[in-house]
Each structure stands twice: as structure tokens, then as C-alpha cells.
file work.txt (compact mmCIF, C-alpha atoms)
# COMPACT_ATOMS: atom_id res chain seq x y z
CA MET A 943 116.37 161.84 149.55
CA LYS A 944 119.59 160.44 150.93
CA GLU A 945 122.79 161.19 149.04
CA LYS A 946 124.08 158.27 147.10
CA SER A 947 127.64 157.86 145.88
CA SER A 948 128.03 158.00 142.14
CA LEU A 949 129.63 154.58 141.98
CA SER A 950 126.80 152.87 143.82
CA VAL A 951 124.30 154.48 141.45
CA LEU A 952 126.25 153.09 138.51
CA LEU A 953 126.66 149.61 139.95
CA ASN A 954 123.08 149.45 141.18
CA GLY A 955 121.75 148.92 137.68
CA ILE A 956 124.33 146.32 136.75
CA ILE A 957 123.84 143.87 139.59
CA LYS A 958 121.56 144.74 142.48
CA GLU A 959 118.70 146.09 140.40
CA ASN A 960 119.42 144.44 137.09
CA PRO A 961 116.49 145.59 134.98
CA VAL A 962 115.86 142.30 133.22
CA LEU A 963 116.61 139.71 135.87
CA VAL A 964 115.65 141.52 139.08
CA LEU A 965 113.25 144.33 138.23
CA ILE A 966 111.61 142.26 135.44
CA LEU A 967 111.36 145.18 133.06
CA GLY A 968 111.75 145.14 129.32
CA THR A 969 110.69 141.55 128.91
CA CYS A 970 109.61 141.88 125.30
CA PRO A 971 112.99 142.79 123.75
CA SER A 972 114.83 140.46 126.09
CA LEU A 973 112.81 137.55 124.77
CA ALA A 974 112.58 138.58 121.15
CA THR A 975 116.11 139.67 120.32
CA THR A 976 118.12 137.07 122.22
CA THR A 977 118.18 134.39 119.54
CA THR A 978 121.64 135.55 118.46
CA VAL A 979 124.39 137.18 120.50
CA ASP A 980 124.88 139.86 117.85
CA GLY A 981 121.26 140.94 117.93
CA ALA A 982 121.06 140.91 121.71
CA PHE A 983 124.25 142.94 122.13
CA GLY A 984 123.12 145.44 119.51
CA MET A 985 119.74 145.77 121.18
CA GLY A 986 121.41 146.31 124.55
CA ILE A 987 123.69 149.04 123.23
CA ALA A 988 120.84 150.76 121.37
CA ALA A 989 118.74 150.76 124.53
CA LEU A 990 121.73 151.99 126.56
CA VAL A 991 122.16 155.01 124.30
CA VAL A 992 118.47 155.85 124.42
CA LEU A 993 118.32 155.33 128.17
CA PHE A 994 121.39 157.52 128.77
CA CYS A 995 120.12 160.38 126.62
CA SER A 996 116.52 160.25 127.80
CA ASN A 997 117.55 160.04 131.47
CA ILE A 998 119.70 163.17 131.09
CA PHE A 999 116.97 165.04 129.26
CA ILE A 1000 114.17 164.06 131.59
CA SER A 1001 116.30 164.89 134.59
CA LEU A 1002 117.11 168.31 133.13
CA LEU A 1003 113.43 168.98 132.46
CA ARG A 1004 112.11 167.46 135.67
CA LYS A 1005 111.16 170.83 137.17
CA ILE A 1006 109.54 172.08 133.96
CA ILE A 1007 107.40 169.09 132.97
CA PRO A 1008 104.03 169.35 134.71
CA GLU A 1009 103.12 166.42 136.92
CA THR A 1010 99.91 165.47 135.09
CA MET A 1011 101.40 165.56 131.61
CA ARG A 1012 104.62 163.79 132.40
CA ILE A 1013 103.99 160.42 130.73
CA PRO A 1014 103.27 161.90 127.26
CA CYS A 1015 106.27 164.21 127.66
CA TYR A 1016 108.55 161.31 128.53
CA ILE A 1017 107.23 159.26 125.64
CA VAL A 1018 107.90 162.05 123.16
CA ILE A 1019 111.45 162.59 124.47
CA ILE A 1020 112.14 158.86 124.32
CA ALA A 1021 110.58 158.46 120.87
CA GLY A 1022 112.79 161.28 119.61
CA PHE A 1023 115.95 159.57 120.79
CA VAL A 1024 114.76 156.23 119.45
CA THR A 1025 114.32 157.81 116.03
CA ILE A 1026 117.87 159.20 116.16
CA VAL A 1027 119.31 155.84 117.20
CA LYS A 1028 117.26 154.06 114.56
CA MET A 1029 118.58 156.35 111.81
CA LEU A 1030 122.17 155.91 113.02
CA VAL A 1031 121.83 152.12 113.10
CA GLN A 1032 120.22 152.10 109.67
CA ALA A 1033 123.06 154.16 108.24
CA PHE A 1034 126.07 152.53 109.87
CA LEU A 1035 124.99 149.00 110.85
CA PRO A 1036 122.50 147.89 108.19
CA SER A 1037 122.81 144.20 109.11
CA LEU A 1038 121.87 144.93 112.72
CA TYR A 1039 118.98 147.06 111.45
CA GLU A 1040 117.70 144.03 109.53
CA THR A 1041 118.04 141.74 112.55
CA LEU A 1042 116.28 143.99 115.03
CA GLY A 1043 113.56 145.18 112.67
CA VAL A 1044 110.50 146.48 114.45
CA TYR A 1045 112.03 145.93 117.88
CA LEU A 1046 114.25 148.93 117.31
CA ASP A 1047 111.12 151.07 117.05
CA LEU A 1048 109.71 149.39 120.07
CA ILE A 1049 112.48 150.70 122.32
CA THR A 1050 110.07 153.63 122.61
CA VAL A 1051 107.69 151.58 124.72
CA ASN A 1052 110.38 149.60 126.49
CA CYS A 1053 109.35 149.65 130.12
CA ILE A 1054 112.96 149.96 131.29
CA ILE A 1055 113.30 153.40 129.78
CA LEU A 1056 109.92 154.74 130.88
CA GLY A 1057 110.31 152.98 134.20
CA ARG A 1058 113.68 154.59 134.93
CA ALA A 1059 112.35 157.96 133.86
CA GLU A 1060 109.51 157.57 136.32
CA MET A 1061 111.42 155.88 139.13
CA PHE A 1062 114.75 157.67 138.96
CA ALA A 1063 115.34 160.46 136.48
CA ASN A 1064 112.49 162.69 137.58
CA LYS A 1065 113.70 162.66 141.17
CA ASN A 1066 117.48 162.81 140.86
CA THR A 1067 120.21 165.13 139.62
CA VAL A 1068 121.44 165.07 136.06
CA ILE A 1069 124.74 163.37 136.85
CA HIS A 1070 123.13 160.63 138.90
CA SER A 1071 120.50 160.10 136.22
CA ALA A 1072 123.16 159.81 133.54
CA LEU A 1073 125.06 157.27 135.63
CA ASP A 1074 121.86 155.39 136.34
CA GLY A 1075 121.16 155.31 132.61
CA ILE A 1076 124.61 153.87 131.90
CA GLY A 1077 124.35 151.35 134.74
CA MET A 1078 120.89 150.17 133.75
CA GLY A 1079 121.94 150.04 130.11
CA ILE A 1080 124.98 147.92 130.92
CA GLY A 1081 122.85 145.68 133.13
CA PHE A 1082 120.34 145.27 130.32
CA THR A 1083 123.08 144.51 127.78
CA LEU A 1084 124.72 141.97 130.11
CA ALA A 1085 121.47 140.18 130.84
CA LEU A 1086 120.58 140.07 127.15
CA THR A 1087 124.03 138.83 126.22
CA LEU A 1088 123.83 136.12 128.87
CA MET A 1089 120.45 134.91 127.65
CA SER A 1090 121.47 135.02 124.01
CA THR A 1091 124.71 133.15 124.78
CA ILE A 1092 122.74 130.32 126.36
CA ARG A 1093 120.26 130.25 123.51
CA GLU A 1094 122.74 130.54 120.68
CA VAL A 1095 125.42 128.18 122.02
CA LEU A 1096 122.98 125.44 122.97
CA GLY A 1097 120.41 126.07 120.28
CA ALA A 1098 122.47 126.87 117.19
CA ALA A 1099 125.94 125.65 118.26
CA SER A 1100 127.55 128.98 117.51
CA PHE A 1101 128.63 132.10 119.37
CA ALA A 1102 128.09 135.50 117.74
CA GLY A 1103 127.97 133.76 114.36
CA ILE A 1104 131.16 131.73 114.88
CA GLU A 1105 130.40 128.02 114.80
CA ILE A 1106 131.50 125.82 117.65
CA PRO A 1107 132.81 122.69 115.91
CA PHE A 1108 132.17 119.82 118.34
CA MET A 1109 128.62 120.85 119.24
CA GLU A 1110 126.94 120.91 115.86
CA ASN A 1111 125.46 117.44 116.28
CA TYR A 1112 123.93 118.33 119.62
CA LYS A 1113 121.88 121.39 118.83
CA ILE A 1114 118.72 121.96 120.84
CA GLU A 1115 117.01 123.91 118.11
CA PHE A 1116 113.96 124.49 120.24
CA LEU A 1117 115.95 127.10 122.21
CA THR A 1118 116.29 129.41 119.24
CA LYS A 1119 112.52 129.41 118.70
CA ALA A 1120 109.97 131.43 120.66
CA PRO A 1121 109.24 128.93 123.47
CA GLY A 1122 112.96 128.53 124.17
CA GLY A 1123 113.23 132.19 125.03
CA LEU A 1124 110.51 131.97 127.65
CA LEU A 1125 111.98 128.78 129.04
CA VAL A 1126 115.51 130.19 129.38
CA TYR A 1127 114.16 133.35 130.99
CA GLY A 1128 112.09 131.36 133.49
CA LEU A 1129 115.01 129.11 134.36
CA LEU A 1130 117.37 132.08 134.82
CA ILE A 1131 114.98 133.77 137.23
CA ALA A 1132 114.58 130.54 139.18
CA LEU A 1133 118.39 130.12 139.20
CA ILE A 1134 118.94 133.61 140.59
CA TYR A 1135 116.40 132.94 143.29
CA PHE A 1136 118.13 129.65 144.11
CA VAL A 1137 121.67 131.07 144.17
CA THR A 1138 120.75 133.98 146.38
CA ARG A 1139 118.42 131.75 148.44
CA GLY A 1140 115.58 134.15 148.00
CA LYS A 1141 117.49 137.07 149.50
CA ALA A 1142 117.76 138.99 146.26
CA PRO A 1143 114.80 141.28 145.81
CA VAL A 1144 113.68 139.32 142.77
CA LYS A 1145 110.11 140.21 142.21
CA THR A 1146 107.81 137.23 142.30
CA SER A 1147 105.09 139.05 140.44
CA PHE A 1148 104.55 142.29 138.64
CA SER A 1149 103.88 145.20 140.88
CA CYS A 1150 103.25 148.83 140.30
CA GLU A 1151 106.78 149.80 141.21
CA GLY A 1152 107.92 149.29 137.69
CA CYS A 1153 104.74 150.40 136.04
CA PRO A 1154 105.05 153.83 134.50
CA HIS A 1155 101.43 154.50 135.23
CA ALA A 1156 101.61 153.69 138.91
CA GLY A 1157 101.07 157.30 139.89
CA SER A 1158 98.35 158.08 137.42
CA CYS A 1159 96.03 155.13 137.86
CA GLY A 1160 94.81 155.69 141.37
CA LYS A 1161 91.53 154.05 140.40
CA ALA A 1162 93.04 150.62 140.47
CA ASP A 1163 94.25 149.18 143.71
CA CYS A 1164 97.46 149.54 141.84
CA GLN A 1165 99.12 152.00 144.16
CA LYS A 1166 99.63 149.61 146.98
CA GLU A 1167 99.88 146.15 145.60
CA GLY A 1168 99.94 145.88 141.86
CA VAL A 1169 97.36 145.45 139.21
CA ASN A 1170 96.94 141.80 139.77
CA SER A 1171 96.42 141.64 143.49
CA MET B 582 86.94 136.01 96.17
CA GLU B 583 90.72 136.06 95.94
CA SER B 584 90.98 139.14 98.14
CA PHE B 585 88.53 137.61 100.59
CA LYS B 586 90.80 134.57 100.85
CA ILE B 587 93.77 136.81 101.58
CA LEU B 588 91.82 138.49 104.36
CA ILE B 589 90.95 135.14 105.93
CA VAL B 590 94.58 134.03 105.74
CA ILE B 591 95.74 137.28 107.37
CA LEU B 592 93.15 136.94 110.12
CA LEU B 593 93.85 133.31 110.95
CA SER B 594 97.60 133.55 110.71
CA SER B 595 97.72 136.58 113.00
CA VAL B 596 95.56 134.79 115.56
CA PHE B 597 97.35 131.45 115.53
CA VAL B 598 100.65 131.34 113.67
CA ASP B 599 102.14 134.77 114.29
CA ASN B 600 100.47 135.19 117.63
CA TYR B 601 101.77 138.50 118.94
CA VAL B 602 102.40 137.34 122.45
CA LEU B 603 103.58 133.82 121.94
CA SER B 604 105.67 133.99 118.82
CA ARG B 605 106.62 137.65 118.39
CA PHE B 606 106.93 138.52 122.08
CA LEU B 607 104.98 141.74 121.93
CA GLY B 608 102.86 142.66 124.91
CA ILE B 609 104.53 140.26 127.31
CA CYS B 610 104.15 142.58 130.31
CA PRO B 611 100.33 142.58 130.41
CA PHE B 612 100.35 138.92 129.38
CA LEU B 613 102.29 138.00 132.51
CA GLY B 614 101.00 140.75 134.76
CA VAL B 615 97.24 140.73 134.28
CA SER B 616 96.58 137.06 133.63
CA GLU B 617 96.00 135.84 137.16
CA LYS B 618 92.22 135.96 137.03
CA LYS B 619 90.13 135.10 134.03
CA ASP B 620 87.87 138.14 134.04
CA GLN B 621 90.87 140.46 134.31
CA ALA B 622 92.50 138.63 131.43
CA VAL B 623 89.35 139.02 129.33
CA GLY B 624 89.06 142.71 130.23
CA MET B 625 92.63 143.40 129.23
CA GLY B 626 92.34 141.36 126.04
CA VAL B 627 89.17 143.15 124.93
CA SER B 628 90.66 146.57 125.69
CA VAL B 629 93.81 145.77 123.73
CA THR B 630 91.77 144.54 120.75
CA LEU B 631 89.66 147.68 120.81
CA VAL B 632 92.65 150.02 121.02
CA MET B 633 94.52 148.11 118.31
CA LEU B 634 91.58 148.41 115.92
CA ILE B 635 91.05 152.11 116.52
CA ALA B 636 94.78 152.86 116.47
CA THR B 637 95.20 151.10 113.13
CA ALA B 638 92.17 152.84 111.67
CA VAL B 639 93.76 156.18 112.58
CA THR B 640 97.46 155.55 111.97
CA TRP B 641 97.10 153.94 108.53
CA PRO B 642 95.56 157.01 106.85
CA ILE B 643 98.00 159.26 108.67
CA GLN B 644 100.98 157.25 107.41
CA TYR B 645 99.77 157.19 103.80
CA PHE B 646 98.13 160.59 103.45
CA VAL B 647 100.21 162.73 105.78
CA LEU B 648 103.62 161.24 106.47
CA ASN B 649 104.22 159.75 103.02
CA THR B 650 102.96 162.76 101.07
CA LEU B 651 105.06 165.14 103.17
CA LYS B 652 108.06 162.74 103.14
CA LEU B 653 108.13 162.62 106.92
CA GLN B 654 108.40 158.86 107.29
CA TYR B 655 111.14 159.24 109.89
CA LEU B 656 108.60 160.77 112.28
CA GLN B 657 106.52 157.57 112.18
CA ASN B 658 107.58 156.44 115.61
CA ILE B 659 106.88 159.72 117.44
CA VAL B 660 103.62 160.36 115.60
CA PHE B 661 102.27 156.84 116.15
CA ILE B 662 103.02 156.72 119.85
CA LEU B 663 101.44 160.14 120.35
CA ILE B 664 98.35 159.05 118.44
CA ILE B 665 98.05 155.91 120.54
CA ALA B 666 98.48 157.83 123.80
CA THR B 667 95.88 160.39 122.73
CA LEU B 668 93.44 157.73 121.54
CA VAL B 669 93.67 155.86 124.79
CA GLN B 670 92.95 159.04 126.71
CA ILE B 671 90.00 159.94 124.49
CA LEU B 672 88.62 156.43 124.64
CA GLU B 673 88.81 156.49 128.40
CA ILE B 674 87.01 159.83 128.64
CA LEU B 675 84.31 158.73 126.18
CA LEU B 676 83.73 155.42 127.95
CA LYS B 677 83.51 157.19 131.29
CA LYS B 678 80.93 159.62 129.94
CA PHE B 679 78.75 157.39 127.80
CA LEU B 680 79.26 153.80 128.91
CA PRO B 681 80.09 153.97 132.61
CA SER B 682 79.41 150.28 133.13
CA LEU B 683 81.91 149.29 130.46
CA HIS B 684 84.36 151.83 131.82
CA LYS B 685 84.14 150.16 135.18
CA GLY B 686 85.25 146.92 133.60
CA LEU B 687 87.88 148.16 131.18
CA GLY B 688 88.91 151.51 132.61
CA VAL B 689 91.63 150.11 134.79
CA TYR B 690 93.42 148.53 131.85
CA LEU B 691 93.21 151.45 129.45
CA PRO B 692 96.07 153.57 130.84
CA LEU B 693 98.30 150.52 130.82
CA ILE B 694 97.77 150.06 127.11
CA THR B 695 99.60 153.22 126.05
CA THR B 696 102.92 151.57 126.71
CA ASN B 697 101.86 148.16 125.47
CA CYS B 698 104.34 147.36 122.76
CA ALA B 699 101.82 145.15 120.94
CA VAL B 700 99.74 148.18 119.98
CA LEU B 701 102.65 150.21 118.61
CA GLY B 702 104.04 147.01 117.10
CA VAL B 703 100.87 146.18 115.21
CA THR B 704 100.52 149.67 113.74
CA ILE B 705 104.14 149.73 112.57
CA ASN B 706 104.03 146.17 111.28
CA ASN B 707 100.93 146.88 109.20
CA ILE B 708 102.82 149.66 107.45
CA ASN B 709 106.01 147.60 107.08
CA ASP B 710 104.11 144.66 105.59
CA GLY B 711 102.53 146.95 103.00
CA TYR B 712 98.95 146.01 103.87
CA ASN B 713 96.11 148.09 102.42
CA PHE B 714 93.55 149.65 104.74
CA LEU B 715 91.19 146.69 104.96
CA GLU B 716 94.03 144.20 105.38
CA SER B 717 95.51 146.35 108.15
CA ILE B 718 92.22 146.39 110.02
CA ILE B 719 91.83 142.64 109.66
CA SER B 720 95.39 142.05 110.77
CA SER B 721 94.89 144.23 113.87
CA LEU B 722 91.66 142.40 114.65
CA GLY B 723 93.53 139.11 114.35
CA CYS B 724 96.36 140.28 116.57
CA GLY B 725 93.93 141.51 119.19
CA LEU B 726 91.96 138.26 119.12
CA GLY B 727 95.21 136.32 119.31
CA PHE B 728 96.19 138.32 122.36
CA LEU B 729 92.78 137.71 123.94
CA LEU B 730 93.03 133.98 123.20
CA ALA B 731 96.52 133.75 124.69
CA MET B 732 95.41 135.68 127.79
CA ILE B 733 92.39 133.42 128.39
CA LEU B 734 94.35 130.20 127.87
CA PHE B 735 97.14 131.41 130.08
CA SER B 736 94.89 132.58 132.91
CA GLY B 737 93.37 129.10 133.00
CA LEU B 738 96.80 127.57 133.23
CA ARG B 739 97.92 129.96 135.92
CA SER B 740 95.06 129.19 138.26
CA ARG B 741 96.22 125.58 138.10
CA ILE B 742 99.82 126.50 138.87
CA ASP B 743 98.81 128.63 141.83
CA ASN B 744 97.07 125.67 143.41
CA SER B 745 99.94 123.24 143.04
CA ASN B 746 103.01 122.68 145.14
CA ILE B 747 106.10 123.75 143.22
CA PRO B 748 109.76 124.12 144.34
CA ALA B 749 110.50 127.47 145.98
CA PRO B 750 112.85 128.89 143.32
CA PHE B 751 110.18 128.40 140.66
CA LYS B 752 107.42 130.06 142.69
CA GLY B 753 105.91 133.05 140.99
CA LEU B 754 107.54 134.34 137.88
CA GLY B 755 109.79 131.34 137.13
CA SER B 756 106.96 128.87 136.76
CA THR B 757 104.81 131.47 135.00
CA LEU B 758 107.41 131.95 132.29
CA ILE B 759 107.94 128.24 131.86
CA ALA B 760 104.18 127.70 131.56
CA ALA B 761 104.09 130.46 128.94
CA SER B 762 106.85 128.62 127.14
CA PHE B 763 104.69 125.49 126.91
CA ILE B 764 101.70 127.41 125.57
CA SER B 765 104.00 128.98 123.02
CA LEU B 766 105.26 125.52 122.09
CA ALA B 767 101.68 124.40 121.52
CA PHE B 768 101.08 127.40 119.25
CA MET B 769 104.15 126.48 117.21
CA GLY B 770 102.16 123.51 116.02
CA PHE B 771 99.97 125.87 113.98
CA SER B 772 102.82 127.08 111.80
CA GLY B 773 102.33 126.11 108.18
CA ILE B 774 98.76 124.98 108.68
CA ILE B 775 96.98 128.13 107.53
CA GLU B 776 98.87 128.39 104.25
CA LYS B 777 98.24 124.71 103.54
CA ILE B 778 94.49 124.98 104.12
CA PHE B 779 94.09 127.74 101.57
CA ALA B 780 96.78 126.64 99.16

call {"tool": "encode", "arguments": {"input": "work.txt", "output": "C-alpha cells"}}
result
Amino acid sequence: MKEKSSLSVLLNGIIKENPVLVLILGTCPSLATTTTVDGAFGMGIAALVVLFCSNIFISLLRKIIPETMRIPCYIVIIAGFVTIVKMLVQAFLPSLYETLGVYLDLITVNCIILGRAEMFANKNTVIHSALDGIGMGIGFTLALTLMSTIREVLGAASFAGIEIPFMENYKIEFLTKAPGGLLVYGLLIALIYFVTRGKAPVKTSFSCEGCPHAGSCGKADCQKEGVNS
Amino acid sequence: MESFKILIVILLSSVFVDNYVLSRFLGICPFLGVSEKKDQAVGMGVSVTLVMLIATAVTWPIQYFVLNTLKLQYLQNIVFILIIATLVQILEILLKKFLPSLHKGLGVYLPLITTNCAVLGVTINNINDGYNFLESIISSLGCGLGFLLAMILFSGLRSRIDNSNIPAPFKGLGSTLIAASFISLAFMGFSGIIEKIFA
């Protein structure tokens, strides 16, 4: 493996390999928690903390965890950190705890965290993994904040709970509901493709690269192409 | 009769109104990833339903008889995900041994289900909503069927999209998400109906 500078590892997650908009990972929380800016930002930070801690841990244990048992090991490590974060949020930010609800638990099965464990942390040094965790976490938070800003400003005429006076008669309430999330996400991906003129490595479909089981499911033709091809 | 009515309401509302994919956004990855062909979509949907049912049947007693009695509720997350991962493994081994033909159809999807947030979501939601055992099973069945329904509908829609000429930036995932948005919009029409029917 070629040596990478620490800065590029950090920035990689924020722009070039943004987990939500480029790698298309973690779609569930990015759709479900982006109705308000508060919720989206909180979700992003919670995932950042879990991602940072689990990346460090998995990287530290990468020589000890046996190859065949790695997925369950990762899941247990991640679930442990999720529980810690959940208890902290419940104790210090009860309103955020109410907003996020079950999605806080579901950070455990967030594909970003498992995906980074599988793609990065089990192959790289502790420092690089920690930086990758921070970078990916910031990228995730930024993407979520962007989506929630669009949805909240246009859909509810407010930003992080503060009302925007002149827009209240022009709310597109549809955007704060479930279909609006999918629509905004689809449009953002199309926009990124348009702006970069298709040069960005935006994935056009799901492939096994991001799938945490890519290595283990050799039965499918998964290893080369992706489950669906 | 009253309790039977409650069960029907739970079943129908988890299939249509609170559809896990389209209104709660759980299990989006397989919904978008494995919905290109109809038989794949059906295979995935059936596997998810099966795993949801078994997972609920196992996690509910564990929550109430083990975690609650020992005051270990904070371990819910770790315990549930481990149970689901183990169950999926066992199910795969059993299918391979006893029903090889079914394993051929569903085996590919089983490993992917461990990290499907809909399965963990449904088990946790059943506990959070305070359902009893039977209600939990019915709710999981409804969620699984809702997932299957969404997958089948969506795979039909996708085969249409793939055959049409769309602008380059929308090719692939962009148009897929927007199509999913329309299906979700259609499902929004069900909200309120179920409660009215049985009111």
C-alpha cells in the first residue's frame, strides 16, 4: 500500500469520497433524519464519534481479529460505541434523543461505519484510520446538513428552528415528508454528476465496494460487479 | 374480537401506512440495490420477511425475560444485533443442509440481511412500542410484507426506467431515487385510511 499523507486522508472523506453523495453509503439515516437541520447535524456528529472510535479500535485490533469472524467482531465493537453515544445523548441532549429516536440505535448498522471498517480501518495504521474516521464523519455531517437545509428552508420555512419571515407563505411542505427526502437526494446526486460532468466517481449503482459482505459472499457474482449485475 | 381488530390494524398499517422502506426509510440499501430484477426483488423481500419474523420471535422473549429481569436494557442494541447476525448464519446453514433448492434462491441475500437496518429497526421498534408477543410477530410480518410489496412495485418501475431515454445526470441512481420518491408519495395516500376503516 502506497503511503498517503495525513491531510489527504482527512480531506478524502470530506469531498472526494463523500460517504453520502459519492460513495452512496448510509442512505437510511441521511433520508430519515434530514427533516430538520438540528436532527441532521446531531445525527452527523453522533455518527462521527462512533466512526472515529470504531475506526481506531478496529485498526488497533486488525491483526488480532481473525479474517473469517471479522464482521461479527466489527459489529460488536460498533454496537458498543453506539450504546455509549446513545447514553451520552440521552443524558445531555434529551431533545436530540427524542428527535433521533430509533435511528440512534441504527447507527450500529449504518453502512458507512461498517464500510469504512472493512474498506479502510482493517488495512491502515491507527493514525490514518482515526483521520479517515474524522474526515468521513465530517463529510457525512456536511452532506446531511446540506440536505436538511434544503428540506427545512424550502419545506418548513425555517433554519435550525429559527423561522424565516418572508418565506412562510411559500412552504413546500411535501419536502419535509418522506417522498421529499428521496427527491432531494436524487436531485443532489444528479446535480453533482452535472457539475462535475460525470468526472466525479459518483457511483451509478450499488456495487460490492461499499458492501461489508463483499469478501464473505463469494457465492454471488458479487465480487466483481455487484449484487445486481 | 377487540384484540383481533388491533392485530388487523397493526398488520395493515405496517404494510401500507408506516411502510418501513417508503415512510420510515429503513432498509433503503437493499431496496435500491437489489430491485433491478423482479425475481431478485422477490427473493430479497421473502428473505427479509423470514428473518424479521424469526428475529422478533427470538428477541422479544430475550428483551422481556432476560434483559428486563436483569436490568440490562442498555445492552439491547449489542444483544439484538448479535442475535440477528447469529440467526442469519444459522438460517443459512440450515437452508443449505435441508432445503438446498430454497438456499439457491435466497442464499445470496441472507448475508446481506445482517446489516439491514430494517431488521434491527423492527425488533427495537416492537419493544419501544410496547407490543405484546403476538402483536410484535404481526407487526414484523406486516413490515416484511410491506418491504416485499415495495420491492416488487419498485422493480417493476425500474425496468421501465431502464428502457427509457433519460438525461445523463439522472442516469442510474438519480432517477432511481426520484422514482422511489413517487412510489413513496403514492403510499402517503394510505395515511389515515386504516384507522378510519376500523374506527

call {"tool": "residues_around", "arguments": {"input": "work.txt", "residues": "Glu716 in chain B", "least_positions_apart": "2", "cutoff": "9 Å", "atoms": "only C-alpha atoms", "output": "mmCIF file with C-alpha atoms, in the coordinates of the input"}}
result
data_model
loop_
_atom_site.group_PDB
_atom_site.id
_atom_site.type_symbol
_atom_site.label_atom_id
_atom_site.label_comp_id
_atom_site.auth_asym_id
_atom_site.auth_seq_id
_atom_site.Cartn_x
_atom_site.Cartn_y
_atom_site.Cartn_z
ATOM 1 C CA ILE B 587 93.770 136.810 101.580
ATOM 2 C CA LEU B 588 91.820 138.490 104.360
ATOM 3 C CA ILE B 591 95.740 137.280 107.370
ATOM 4 C CA LEU B 592 93.150 136.940 110.120
ATOM 5 C CA ASN B 707 100.930 146.880 109.200
ATOM 6 C CA TYR B 712 98.950 146.010 103.870
ATOM 7 C CA ASN B 713 96.110 148.090 102.420
ATOM 8 C CA PHE B 714 93.550 149.650 104.740
ATOM 9 C CA ILE B 718 92.220 146.390 110.020
ATOM 10 C CA ILE B 719 91.830 142.640 109.660
ATOM 11 C CA SER B 720 95.390 142.050 110.770
ATOM 12 C CA SER B 721 94.890 144.230 113.870
#

call {"tool": "atom_distance", "arguments": {"input": "work.txt", "atom1": "CA of Ala731 in chain B", "atom2": "CA of Ile1017 in chain A"}}
result
27.7 Å

call {"tool": "residues_around", "arguments": {"input": "work.txt", "residues": "Leu766 in chain B", "least_positions_apart": "6", "cutoff": "12 Å", "atoms": "only C-alpha atoms", "output": "list in words"}}
result
Phe1116, Leu1117, Lys1119, Ala1120, Pro1121, Gly1122, Gly1123, Leu1124 and Leu1125 of chain A; Phe597, Val598, Asn600, Leu603, Ser604, Ile759, Ala760 and Ser772 of chain B

call {"tool": "write_last_selection", "arguments": {"input": "work.txt", "atoms": "C-alpha atoms", "output": "short mmCIF file (atom, residue, chain, number, x, y, z; two decimals), in the coordinates of the input"}}
result
data_model
loop_
_atom_site.label_atom_id
_atom_site.label_comp_id
_atom_site.auth_asym_id
_atom_site.auth_seq_id
_atom_site.Cartn_x
_atom_site.Cartn_y
_atom_site.Cartn_z
CA PHE A 1116 113.96 124.49 120.24
CA LEU A 1117 115.95 127.10 122.21
CA LYS A 1119 112.52 129.41 118.70
CA ALA A 1120 109.97 131.43 120.66
CA PRO A 1121 109.24 128.93 123.47
CA GLY A 1122 112.96 128.53 124.17
CA GLY A 1123 113.23 132.19 125.03
CA LEU A 1124 110.51 131.97 127.65
CA LEU A 1125 111.98 128.78 129.04
CA PHE B 597 97.35 131.45 115.53
CA VAL B 598 100.65 131.34 113.67
CA ASN B 600 100.47 135.19 117.63
CA LEU B 603 103.58 133.82 121.94
CA SER B 604 105.67 133.99 118.82
CA ILE B 759 107.94 128.24 131.86
CA ALA B 760 104.18 127.70 131.56
CA SER B 772 102.82 127.08 111.80
#

call {"tool": "atom_distance", "arguments": {"input": "work.txt", "atom1": "CA of Gly770 in chain B", "atom2": "CA of Leu722 in chain B"}}
result
21.7 Å

call {"tool": "interface_residues", "arguments": {"input": "work.txt", "of": "chain B", "to": "chain A", "cutoff": "6 Å", "atoms": "only C-alpha atoms", "output": "PyMOL selection string"}}
result
chain B and resi 604+606-607+609+614-615+659+689+696+698+750-751+753-755+758-759+762+765-766

call {"tool": "write_last_selection", "arguments": {"input": "work.txt", "atoms": "C-alpha atoms", "output": "tab-separated table (two decimals), keeping the file's coordinate frame"}}
result
chain	number	residue	atom	x	y	z
B	604	SER	CA	105.67	133.99	118.82
B	606	PHE	CA	106.93	138.52	122.08
B	607	LEU	CA	104.98	141.74	121.93
B	609	ILE	CA	104.53	140.26	127.31
B	614	GLY	CA	101.00	140.75	134.76
B	615	VAL	CA	97.24	140.73	134.28
B	659	ILE	CA	106.88	159.72	117.44
B	689	VAL	CA	91.63	150.11	134.79
B	696	THR	CA	102.92	151.57	126.71
B	698	CYS	CA	104.34	147.36	122.76
B	750	PRO	CA	112.85	128.89	143.32
B	751	PHE	CA	110.18	128.40	140.66
B	753	GLY	CA	105.91	133.05	140.99
B	754	LEU	CA	107.54	134.34	137.88
B	755	GLY	CA	109.79	131.34	137.13
B	758	LEU	CA	107.41	131.95	132.29
B	759	ILE	CA	107.94	128.24	131.86
B	762	SER	CA	106.85	128.62	127.14
B	765	SER	CA	104.00	128.98	123.02
B	766	LEU	CA	105.26	125.52	122.09

call {"tool": "residues_around", "arguments": {"input": "work.txt", "residues": "Tyr1039 in chain A", "least_positions_apart": "2", "cutoff": "12 Å", "atoms": "only C-alpha atoms", "output": "JSON, numbers by chain"}}
result
{"A": [975, 980, 981, 984, 985, 988, 1027, 1028, 1029, 1030, 1031, 1032, 1033, 1034, 1035, 1036, 1037, 1041, 1042, 1043, 1044, 1045, 1046, 1047]}

call {"tool": "atom_distance", "arguments": {"input": "work.txt", "atom1": "CA of Ile956 in chain A", "atom2": "CA of Glu1009 in chain A"}}
result
29.2 Å

call {"tool": "residues_around", "arguments": {"input": "work.txt", "residues": "Ile747 in chain B", "least_positions_apart": "5", "cutoff": "9 Å", "atoms": "all atoms listed in the file", "output": "PyMOL selection string"}}
result
chain B and resi 742+752+756

call {"tool": "closest_residue", "arguments": {"input": "work.txt", "among": "A:Glu1040, A:Asp1074, A:Glu1094, A:Glu1060", "to": "Glu959 in chain A", "atoms": "only C-alpha atoms"}}
result
A:Asp1074

call {"tool": "closest_residue", "arguments": {"input": "work.txt", "among": "B:Gly711, B:Asp743, B:Leu738, B:Ser628", "to": "Thr695 in chain B", "atoms": "all atoms listed in the file"}}
result
B:Ser628

call {"tool": "closest_residue", "arguments": {"input": "work.txt", "among": "A:Pro1107, A:Ala982, A:Phe1101, A:Asn1064", "to": "Ile1006 in chain A", "atoms": "only C-alpha atoms"}}
result
A:Asn1064

call {"tool": "residues_around", "arguments": {"input": "work.txt", "residues": "range 676-688 of chain B", "least_positions_apart": "2", "cutoff": "12 Å", "atoms": "all atoms listed in the file", "output": "PyMOL selection string"}}
result
(chain A and resi 1159-1162) or (chain B and resi 620-632+668-674+690-694)
